[in-house]
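Quick notes on the structure that follows.
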Amino acid sequence: MNSNVELKINYSQWNLIKKRFYKHKLGVFSLYILLIFYLIAIFSQFLSPYDPLKMEKNWVAIPPMILNFMYKGEFVRPFVYGFKKEIDLETYQRIYTKDKSKIYKIYFLVKGEEYNLFNIFKSNIHLFGSENGRIYLLGTDRMGRDLLSRIFYGSSISLSIGLIGVVLSFFIGIILGGISGLYGGLIDNIIQRIIEIIRSFPTIPLWMALAAALPNDWPQLWVYFGITVLLSLIGWTNLARVVRGKFLSLKDEDYVIASIIAGGSKIWIIRKHLLPAFISHIIAEITLAIPIMILAETALSFLSLGLKPPLISWGVLLQEVQNIKSIATMPWVFSPVIFIIIVVLAFNFVGDALRDASDPYS
């Protein structure tokens with residue numbers, strides 16, 4: 001009988017949380033945005049029109065091609081105009097002008113470069129492309145590589161490193177914060193001093209020092225996981241302090257003491273009583289930690305201390321903007337910043353919505 005009542009109460013509580021979350025329009029919209037980005041990350045090979053590593057010497061520093069839907073006053077299939085290339089004899093810079101005599105129509109599910117989807121299935125079908133030319137919706141970089149394809153491929157690393165890092169930080173923070181709050185005394189003092197030491201270091205120099213400690217001869221895949229682990233070892237402190245504070249305030253509550261007297265183990269008490277009592281704080285910390293991880297990887301890779309080519313991440317792509325000349329002549333190489341801003345804001349809005357929805361009686 002008691003279990004049925006408990007199940008009914010839990011079910012109604014989650015219904016209230018869900019209902020309240022859907023009232024937060026900005027949070028729901030941001031959640032859809034994040035789902036789209038993660039779908040792009042998962043199916044980046046299929047969505048990318050070209051191989052992100054393939055260099056086209058005849059298509060270097062092409063500006064973004066604008067989609068057109070009207071031709072000679074009629075609504076037609078989406079297309080882009082080609083470009084004429086000229087060389088400035090004084091500066092020797094390439095100058096591209098729109099060539100309306102060249103029209104590249106966009107088709108869907110076209111054949112292109114072969115890729116291994118999920119490293120399992122071989123395919124050469126891409127979401128879109130052109131049958132009579134090349135389409136660069138976000139332009140190309142100084143080596144003639146399609147920037148849109150590189151951004152799509154980079155999302156799979158930049159977005160996954162945030163999730164993996166937060167999962168590791170979550171377990172470290174919950175375990176150490178819980179131990180610190182429940183046991184107190186010497187154990188609490190040791191854990192808190194460790195947290196204070198980690199938090200006392202300036203963030204970027206600490207990231208730089210840890211990233212520089214990775215061996216130079218490591219494969220790029222090892223470096224990827226190494227950066228993820230290092231970011232997790234730094235990012236757990238906020239969650240640990242939140243968990244410790246809540247444990248200290250809740251462990252003297254009557255229902256917790258009653259569970260201890262009844263013989264409940266500490267793990268059972270944490271899972272049944274303590275964690276559900278401040279789940280909203282955990283959700284808020286997790287959703288805020290993911291964009292911090294993404295920004296950390298971006299900063300490290302931008303400074304050439306994190307991931308390096310041929311791996312592609314948003315931070316690696318931003319290495320192009322270290323050169324002032326590149327920004328002046330190819331401002332579109334700054335476009336990965338737009339994607340980073342959108343993802344970070346979306347995570348923050350979703351976190352706020354989930355935090356409010358987790359306390360439906362407020």
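Labels used: A, B, ... for chains in the order of the structure tokens, numbers from 1 for residues in each chain, and numbers from 1 for ligands as shown.
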Got a sec to tell me which of range 149-342 of chain A DSSP assigns to alpha helix (DSSP H), as an NGL selection string? :A and (149-183 or 185-200 or 203-212 or 220-235 or 237-250 or 254-261 or 266-269 or 275-277 or 279-302 or 314-317 or 324-329 or 336-342)
Take the residues just selected and output them with C-alpha atoms as a tab-separated table (two decimals), in the first residue's frame.
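Okay, result-v4.tsv is ready:
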chain	number	residue	atom	x	y	z
A	149	SER	CA	31.43	21.19	-42.79
A	150	ARG	CA	34.23	21.94	-40.33
A	151	ILE	CA	31.81	23.55	-37.88
A	152	PHE	CA	29.48	20.54	-38.10
A	153	TYR	CA	32.35	18.13	-37.52
A	154	GLY	CA	33.71	20.31	-34.71
A	155	SER	CA	30.37	20.24	-32.89
A	156	SER	CA	30.70	16.49	-32.31
A	157	ILE	CA	33.87	17.06	-30.24
A	158	SER	CA	33.01	20.37	-28.58
A	159	LEU	CA	29.55	19.25	-27.46
A	160	SER	CA	30.59	15.76	-26.39
A	161	ILE	CA	33.51	17.03	-24.32
A	162	GLY	CA	31.02	19.07	-22.29
A	163	LEU	CA	28.78	16.07	-21.57
A	164	ILE	CA	31.63	13.68	-20.74
A	165	GLY	CA	33.35	16.26	-18.55
A	166	VAL	CA	30.19	17.07	-16.62
A	167	VAL	CA	29.41	13.38	-16.02
A	168	LEU	CA	32.86	12.91	-14.48
A	169	SER	CA	32.55	16.15	-12.49
A	170	PHE	CA	29.09	15.11	-11.32
A	171	PHE	CA	30.28	11.85	-9.78
A	172	ILE	CA	33.37	13.42	-8.22
A	173	GLY	CA	31.35	16.33	-6.82
A	174	ILE	CA	28.52	14.17	-5.45
A	175	ILE	CA	30.89	11.67	-3.82
A	176	LEU	CA	33.35	14.13	-2.27
A	177	GLY	CA	30.67	16.67	-1.38
A	178	GLY	CA	28.52	13.98	0.19
A	179	ILE	CA	31.39	12.53	2.19
A	180	SER	CA	32.38	16.00	3.36
A	181	GLY	CA	28.87	16.91	4.45
A	182	LEU	CA	27.94	13.61	6.08
A	183	TYR	CA	31.12	12.79	7.98
A	185	GLY	CA	35.48	16.60	11.07
A	186	LEU	CA	38.94	15.93	9.67
A	187	ILE	CA	37.64	14.47	6.41
A	188	ASP	CA	35.55	17.57	5.82
A	189	ASN	CA	38.52	19.85	6.52
A	190	ILE	CA	40.80	17.98	4.12
A	191	ILE	CA	38.27	18.01	1.28
A	192	GLN	CA	37.46	21.70	1.80
A	193	ARG	CA	41.13	22.68	1.83
A	194	ILE	CA	41.62	20.80	-1.45
A	195	ILE	CA	38.66	22.67	-2.94
A	196	GLU	CA	40.02	26.01	-1.75
A	197	ILE	CA	43.46	25.29	-3.22
A	198	ILE	CA	41.97	24.37	-6.61
A	199	ARG	CA	39.67	27.42	-6.64
A	200	SER	CA	42.48	29.77	-5.62
A	203	THR	CA	41.39	29.34	-14.16
A	204	ILE	CA	43.11	29.83	-17.50
A	205	PRO	CA	46.71	29.45	-16.18
A	206	LEU	CA	45.63	26.29	-14.34
A	207	TRP	CA	44.09	24.88	-17.52
A	208	MET	CA	47.22	25.79	-19.43
A	209	ALA	CA	49.50	24.12	-16.88
A	210	LEU	CA	47.50	20.90	-16.82
A	211	ALA	CA	47.15	20.78	-20.61
A	212	ALA	CA	50.87	21.37	-21.05
A	220	GLN	CA	45.01	13.09	-30.67
A	221	LEU	CA	42.29	10.78	-29.35
A	222	TRP	CA	44.21	10.38	-26.10
A	223	VAL	CA	44.65	14.13	-25.89
A	224	TYR	CA	40.88	14.53	-26.31
A	225	PHE	CA	40.12	12.25	-23.36
A	226	GLY	CA	43.02	13.74	-21.41
A	227	ILE	CA	41.62	17.26	-21.79
A	228	THR	CA	38.18	15.97	-20.77
A	229	VAL	CA	39.52	14.38	-17.59
A	230	LEU	CA	41.59	17.45	-16.70
A	231	LEU	CA	38.60	19.74	-17.10
A	232	SER	CA	36.56	17.41	-14.89
A	233	LEU	CA	39.23	17.43	-12.18
A	234	ILE	CA	38.87	21.20	-12.02
A	235	GLY	CA	35.13	21.56	-12.54
A	237	THR	CA	34.45	21.97	-6.88
A	238	ASN	CA	31.26	24.02	-7.30
A	239	LEU	CA	29.00	20.97	-7.21
A	240	ALA	CA	30.88	19.49	-4.26
A	241	ARG	CA	30.31	22.64	-2.20
A	242	VAL	CA	26.63	22.76	-3.10
A	243	VAL	CA	26.20	19.10	-2.10
A	244	ARG	CA	28.15	19.59	1.15
A	245	GLY	CA	26.09	22.62	2.17
A	246	LYS	CA	22.81	20.85	1.52
A	247	PHE	CA	23.93	17.72	3.35
A	248	LEU	CA	24.89	19.79	6.38
A	249	SER	CA	21.49	21.50	6.42
A	250	LEU	CA	19.47	18.32	5.86
A	254	ASP	CA	13.74	14.59	11.60
A	255	TYR	CA	13.08	12.28	8.65
A	256	VAL	CA	16.82	11.76	8.09
A	257	ILE	CA	17.43	11.01	11.77
A	258	ALA	CA	14.46	8.62	11.74
A	259	SER	CA	15.96	6.78	8.77
A	260	ILE	CA	19.30	6.48	10.57
A	261	ILE	CA	17.60	5.11	13.70
A	266	LYS	CA	24.18	6.15	4.29
A	267	ILE	CA	23.89	5.33	0.60
A	268	TRP	CA	20.16	4.64	0.97
A	269	ILE	CA	19.66	7.87	2.94
A	275	LEU	CA	19.53	13.99	-3.19
A	276	PRO	CA	15.80	14.42	-4.00
A	277	ALA	CA	15.68	17.33	-1.55
A	279	ILE	CA	17.78	18.02	-7.09
A	280	SER	CA	17.05	21.47	-8.49
A	281	HIS	CA	20.45	22.72	-7.33
A	282	ILE	CA	22.19	19.73	-8.92
A	283	ILE	CA	20.33	20.30	-12.19
A	284	ALA	CA	21.29	23.97	-12.18
A	285	GLU	CA	24.95	23.17	-11.49
A	286	ILE	CA	25.09	20.52	-14.22
A	287	THR	CA	23.46	22.66	-16.90
A	288	LEU	CA	25.76	25.55	-16.05
A	289	ALA	CA	28.82	23.30	-15.96
A	290	ILE	CA	28.39	21.99	-19.52
A	291	PRO	CA	28.89	25.39	-21.22
A	292	ILE	CA	31.82	26.05	-18.88
A	293	MET	CA	33.42	22.83	-20.13
A	294	ILE	CA	32.76	23.83	-23.75
A	295	LEU	CA	34.29	27.26	-23.19
A	296	ALA	CA	37.26	25.70	-21.42
A	297	GLU	CA	38.01	23.38	-24.34
A	298	THR	CA	37.55	26.29	-26.74
A	299	ALA	CA	39.98	28.46	-24.77
A	300	LEU	CA	42.61	25.73	-24.53
A	301	SER	CA	42.38	24.81	-28.20
A	302	PHE	CA	42.41	28.49	-29.20
A	314	TRP	CA	35.24	24.83	-32.36
A	315	GLY	CA	38.32	25.87	-30.42
A	316	VAL	CA	40.60	24.48	-33.13
A	317	LEU	CA	38.64	26.40	-35.77
A	324	ILE	CA	44.55	39.80	-37.42
A	325	LYS	CA	45.05	39.62	-41.18
A	326	SER	CA	42.74	36.60	-41.37
A	327	ILE	CA	39.95	38.48	-39.57
A	328	ALA	CA	40.42	41.52	-41.81
A	329	THR	CA	40.37	39.55	-45.07
A	336	PRO	CA	32.21	29.40	-34.98
A	337	VAL	CA	31.89	32.00	-32.20
A	338	ILE	CA	28.22	32.44	-33.12
A	339	PHE	CA	27.58	28.72	-32.63
A	340	ILE	CA	29.40	28.76	-29.28
A	341	ILE	CA	27.35	31.73	-28.05
A	342	ILE	CA	24.07	30.10	-29.09
Exercise. Taking the backbone alone, and naming residues the way the document does, which bits of range 22-199 of chain A are strand (DSSP E) by DSSP, as a ChimeraX atom specification?
Worked result: /A:68-71,74-87,94-105,107-117,121-129
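The gap separating CA of Gly27 in chain A from CA of Gly351 in chain A is 7.8 Å, in Å to one decimal.
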Taking only C-alpha atoms into account, produce a table as a tab-separated table in which each residue of range 293-362 of chain A with an atom at most 10 Å from an atom of range 43-63 of chain A appears once, together with its shortest atom pair and the distance in Å to one decimal, ordered by chain and rising number.
residue	atom	partner	partner_atom	distance
A:Pro309	CA	A:Leu53	CA	9.6
A:Pro310	CA	A:Leu53	CA	7.7
A:Leu311	CA	A:Leu53	CA	9.5
A:Ile312	CA	A:Pro52	CA	8.6
A:Ser326	CA	A:Ala61	CA	9.5
A:Thr329	CA	A:Ala61	CA	8.4
A:Met330	CA	A:Ala61	CA	6.6
A:Pro331	CA	A:Pro63	CA	8.8
A:Trp332	CA	A:Pro63	CA	7.1
A:Val333	CA	A:Ala61	CA	9.2
Need to verify the contact set: Leu137 in chain A, 7 Å, only C-alpha atoms, exclusion of same-chain residues closer than 4 positions in sequence. Can you return it as a ChimeraX atom specification? /A:64-66,148
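Of the listed residues A:Lys308, A:Lys72, A:Arg355, A:His126, the one whose atoms come nearest to Trp218 in chain A is A:Lys308, with distances taken using only C-alpha atoms.
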One decimal place gives the CA of Leu147 in chain A-CA of Ser30 in chain A separation as 24.4 Å
re CA of Ile42 in chain A and CA of Phe118 in chain A: distance 8.2 Å
- Item | Non-local contacts of range 111-115 of chain A (6 Å; only C-alpha atoms; under 5 positions in same chain excluded) as number ranges by chain | A: 122-125
Selection export as a PDB file, in the first residue's frame, atoms kept: N, CA and C atoms:
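After the write, selection_35.pdb holds the following:
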ATOM      1  N   LYS A 122      29.444   2.612 -44.356  1.00  0.00           N
ATOM      2  CA  LYS A 122      30.041   3.433 -45.404  1.00  0.00           C
ATOM      3  C   LYS A 122      28.928   4.031 -46.264  1.00  0.00           C
ATOM      4  N   SER A 123      29.072   5.307 -46.562  1.00  0.00           N
ATOM      5  CA  SER A 123      28.063   5.983 -47.371  1.00  0.00           C
ATOM      6  C   SER A 123      28.702   7.171 -48.075  1.00  0.00           C
ATOM      7  N   ASN A 124      28.069   7.609 -49.140  1.00  0.00           N
ATOM      8  CA  ASN A 124      28.503   8.825 -49.833  1.00  0.00           C
ATOM      9  C   ASN A 124      27.334   9.780 -50.060  1.00  0.00           C
ATOM     10  N   ILE A 125      26.251   9.555 -49.323  1.00  0.00           N
ATOM     11  CA  ILE A 125      25.056  10.395 -49.433  1.00  0.00           C
ATOM     12  C   ILE A 125      25.159  11.546 -48.426  1.00  0.00           C
TER      13      ILE A 125
END
